[in-house]
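A.B. asks: This is the structure I have questions about; it appears just below.
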Amino acid sequence: MRLSYIARRNLASKPLQTALSTILLAFGVGMVSLMMLAERQMTAQFERNIKDIDLVLGAKGSPLQLILANVYHVDAPTGNISLAEAEKVMRHPHIESGIPLAYGDNYRSYRIVGTEYSYPAHYDATVSEGKLWEDVFEVTLGDAVASKTDLKVGDQFFSSHGLTDETDVHKDKAFTVVGILAKSNSVIDQLILTGVESLWAVHAEHDNLELSAEELYASREITAVLLKKRNKMAILTLPNLLRETNMQVAIPAIEINRLNQHFGIGAATLQSIALLIMILSFASIFISVFENMQARRYELALMRTMGATPFTLIKLLLLEGGILSLFGTICGLIISRIGLYILASEVENKFQYDIGDLGLIAPEVFLSIFAILVGLIAAALPAERTLRMDISKTLSNE
Amino acid sequence: MIEVNDLSFSYDGNAVIEFPDFKCNRGEKLLLLGDSGTGKTTLLHLLCGLLRPKSGSMNVAGVDVNSLNDRQLDKFRGRELGIVFQQSHFVQSLTVAENLSLPALMSGTEMSATELQERTLELLERLGVGHKSDAKPNDLSVGEQQRASIARALVHYPSVVFVDEPTSALDDKSTESVIELLEDETEKAGATLIIVTHDSRLKTRYKDRVELSQFIHNPSISS
């Protein structure tokens, strides 16, 4: 029999008190851990997707919406812009390159994005099966789209108008899957890629087919262009250049900072609540160990008569506090994983984003060490009283 | 062996209690008899090293208890002494058998787990509570608890067994039985038995009195 066994038996003999302390600590640690995980994964996703995109050109409206819609594909676009006007901006001397994006259709809520090969190349996406699209109505699927929709190379499907709605189906024009991309852990995984011409062709019946080539070009629209600047002047000159048009450029880094600031207030509130719960749980461990010590003072005195030193008893009480805080911390980490799993399902359903990496992250290791240490300190405060215990008096008063 | 000379004690500078000198050799039995307030429990606690005397010397199991520091006292208590308290208290979260293993664990007695288990069961069987070894202390009757606490005091082969008021709540028949049990078991263990009590019924068992007001020594056994 070891001291840790006695500590475990002591905790088990007070199931309600033990459960209360454990639950409080588990929820405190769980909330903080969940926020750490979600923040880490969202930040990682944001950073991956923002990769080398300096500016986003699109229709006037909310700059944040422009970024969310065209970089992260989690919001509706601000509108369409003229292809001819967009190409003028792409050829601007301060601009190094641009990736056009055109979308407005979906298949089972996965966006069908008309673009160029430079788009998958930007995210280092490689083809795992088949090839990249070549002809009109050929598509290459992102990894997540392929696994969730079970579409394979050679399969055909009809797109629906809109970004999530599946009622207005373009039944006359079928897309053919010609390739599937390898997982790139970027937004590409959640998209169906095709040529911009495919998107125009789907909506050809809505257009005037008797237009001249010049008029047709002038009527062509896209949703946005992801721009890479050649120099810093682009940021200063482009907004002025576009003032009189229906277009705007937004800077992803600035908009995401703004978003983080808004999100940060809510996150800070949640974090405060989580910390409060953790403090309550430490108070609960303190009270639990203190009350146990009071109720068991004769038992502790008895152990002293059997040769236990004050340090043996402190070790026993610390073990009880330690086991409680270790168990509460482990439960907390499990709770955060369950929370993240639920959150990930929600995010995936709504935004087709994968944030379900359940691995332990470095800040959680520090959180766990912190929780266990504070749990031990909470137990040590009452345990210290055993050093001053008058065994004779305790035994005589019984 | 136990030897007490010129022993006195004072609670927080109050009246000094002076104890008579006495001596008891290894394997013998000694009765410390006195009415309430005569300092029986104080003397027991002094002999166990739970209290420090104001003056005098105490030699218990060949050790000058006064000369030990706190850590040495803890070790001494755990290795050399077995104590049966008036109230049979146990660690409630542990079984009876586990409670009996505590002295060995706490004192660091060098007994293997198997040896300890065998010794525990043997003692519990001999004291008639073997069938309760896996029970929680609260599930035992008062008598069973007392027998289990006697077993606990003997489990680690102590040199001296102190028993505090073992018969105060017992009828004559039970008193006889408990005292016989204590004498038999300490004799088997080769330990010195010190009984601290106010129970005058024990005078008949320990007939020869030492000429002291609070203490009765059994001269037939002691030197």
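We label chains A, B, ... in the order they appear in the structure tokens, count residues from 1 in each chain, and number ligands from 1 in the order shown.
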Excluding A:Thr78 and any residue of its chain fewer than 3 positions from it, enumerate the residues within 7 Å of it, using only C-alpha atoms, and give them as a compact mmCIF listing (two decimals) with N, CA and C atoms, in the first residue's frame.

C.D. replies:
```txt
# COMPACT_ATOMS: atom_id res chain seq x y z
N ALA A 59 -15.94 44.36 -55.65
CA ALA A 59 -16.96 45.40 -55.71
C ALA A 59 -16.99 46.19 -54.42
N LYS A 60 -17.42 47.46 -54.51
CA LYS A 60 -17.48 48.30 -53.32
C LYS A 60 -18.45 47.70 -52.30
N GLY A 61 -18.17 47.93 -51.06
CA GLY A 61 -19.00 47.38 -49.97
C GLY A 61 -18.11 47.29 -48.76
N GLN A 65 -15.99 42.22 -45.52
CA GLN A 65 -16.78 41.22 -46.25
C GLN A 65 -16.05 40.77 -47.51
N LEU A 66 -15.39 41.74 -48.16
CA LEU A 66 -14.64 41.43 -49.38
C LEU A 66 -13.54 40.39 -49.08
```

A.B. asks: From a DSSP calculation on the backbone, collect every residue of stretch 104-330 of chain A in strand (DSSP E) and output the set as a PyMOL selection string.

C.D. replies: chain A and resi 104-107+110-115+127-130+138-141+156-161+169-181+192-195+221-222+224-229+247-250

A.B. asks: Which is closer to chain A than all the others in B:Ile150, B:Leu50, B:Leu68, B:Val178, using only C-alpha atoms?

C.D. replies: B:Leu50

A.B. asks: Just asking: which residues within stretch 177-397 of chain A are helix (DSSP H, G or I) according to DSSP, as a PyMOL selection string?

C.D. replies: chain A and resi 187-190+196-202+204-206+213-219+233-241+252-295+297-305+310-351+362-388+391-397

A.B. asks: Find the residues of chain B in contact range of chain A, meaning any atom within 7 Å when counting only C-alpha atoms, and list them as a PyMOL selection string.

C.D. replies: chain B and resi 45+50-51+71+74-75+77-78+90-91+93-94+103+106-107

A.B. asks: Atom CA of A:Ser97 to atom CA of A:Gln190: how many Å, to one decimal?

C.D. replies: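 Computing it gives 23.6 Å between the two atoms.
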
A.B. asks: I'd like the neighbourhood of B:Ser159 as an MDAnalysis selection string, where a residue qualifies if any of its atoms comes within 12 Å (using only C-alpha atoms), though same-chain residues fewer than 4 positions away should be ignored.

C.D. replies: chainID B and resid 1:2 25:28 60:63 76:83 153:155 186:194

A.B. asks: Could the residues of stretch 163-210 of chain A that have an atom at most 10 Å from stretch 221-239 of chain A be listed as CSV, each with its closest atom pair and the distance in Å to one decimal, counting only C-alpha atoms and ordered by chain and ascending residue number?

C.D. replies:
```
residue,atom,partner,partner_atom,distance
A:Val196,CA,A:Ile222,CA,8.0
A:Leu199,CA,A:Ile222,CA,9.3
A:Trp200,CA,A:Glu221,CA,8.4
```

A.B. asks: Excluding A:Ala379 and any residue of its chain fewer than 2 positions from it, enumerate the residues within 7 Å of it, using only C-alpha atoms, and give them as a ChimeraX atom specification.

C.D. replies: /A:285-286,289,317-318,321,375-377,381-383

A.B. asks: Any chance you can output those residues with N, CA and C atoms as a PDB file, in the first residue's frame?

C.D. replies:
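Output saved as result.pdb:
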```
ATOM      1  N   ILE A 285     -10.968  23.208  -4.210  1.00  0.00           N
ATOM      2  CA  ILE A 285      -9.947  22.228  -3.790  1.00  0.00           C
ATOM      3  C   ILE A 285      -9.429  22.609  -2.394  1.00  0.00           C
ATOM      4  N   PHE A 286      -9.202  23.926  -2.211  1.00  0.00           N
ATOM      5  CA  PHE A 286      -8.723  24.412  -0.908  1.00  0.00           C
ATOM      6  C   PHE A 286      -9.716  24.010   0.185  1.00  0.00           C
ATOM      7  N   VAL A 289      -9.817  20.151   0.715  1.00  0.00           N
ATOM      8  CA  VAL A 289      -8.683  19.619   1.491  1.00  0.00           C
ATOM      9  C   VAL A 289      -8.766  20.107   2.936  1.00  0.00           C
ATOM     10  N   LEU A 317      -1.768  14.915   1.828  1.00  0.00           N
ATOM     11  CA  LEU A 317      -2.763  15.934   1.472  1.00  0.00           C
ATOM     12  C   LEU A 317      -2.446  16.568   0.117  1.00  0.00           C
ATOM     13  N   LEU A 318      -1.140  16.734  -0.155  1.00  0.00           N
ATOM     14  CA  LEU A 318      -0.744  17.280  -1.467  1.00  0.00           C
ATOM     15  C   LEU A 318      -1.108  16.299  -2.578  1.00  0.00           C
ATOM     16  N   GLY A 321      -4.716  16.770  -3.294  1.00  0.00           N
ATOM     17  CA  GLY A 321      -4.898  17.978  -4.118  1.00  0.00           C
ATOM     18  C   GLY A 321      -4.378  17.763  -5.524  1.00  0.00           C
ATOM     19  N   GLY A 375      -3.446  23.877  -8.065  1.00  0.00           N
ATOM     20  CA  GLY A 375      -4.192  22.866  -7.306  1.00  0.00           C
ATOM     21  C   GLY A 375      -3.364  22.383  -6.123  1.00  0.00           C
ATOM     22  N   LEU A 376      -2.077  22.176  -6.360  1.00  0.00           N
ATOM     23  CA  LEU A 376      -1.181  21.715  -5.288  1.00  0.00           C
ATOM     24  C   LEU A 376      -1.029  22.796  -4.218  1.00  0.00           C
ATOM     25  N   ILE A 377      -0.922  24.054  -4.694  1.00  0.00           N
ATOM     26  CA  ILE A 377      -0.787  25.152  -3.726  1.00  0.00           C
ATOM     27  C   ILE A 377      -2.063  25.278  -2.892  1.00  0.00           C
ATOM     28  N   LEU A 381      -1.877  24.920   1.319  1.00  0.00           N
ATOM     29  CA  LEU A 381      -2.191  25.920   2.347  1.00  0.00           C
ATOM     30  C   LEU A 381      -2.811  25.280   3.590  1.00  0.00           C
ATOM     31  N   PRO A 382      -3.885  24.469   3.432  1.00  0.00           N
ATOM     32  CA  PRO A 382      -4.396  23.816   4.647  1.00  0.00           C
ATOM     33  C   PRO A 382      -3.466  22.719   5.155  1.00  0.00           C
ATOM     34  N   ALA A 383      -2.751  22.065   4.239  1.00  0.00           N
ATOM     35  CA  ALA A 383      -1.881  20.956   4.643  1.00  0.00           C
ATOM     36  C   ALA A 383      -0.765  21.437   5.568  1.00  0.00           C
TER      37      ALA A 383
END
```

A.B. asks: Please report the interatomic distance between atom CA of A:Cys331 and atom CA of B:Thr95 in Å with one decimal.

C.D. replies: 28.7 Å
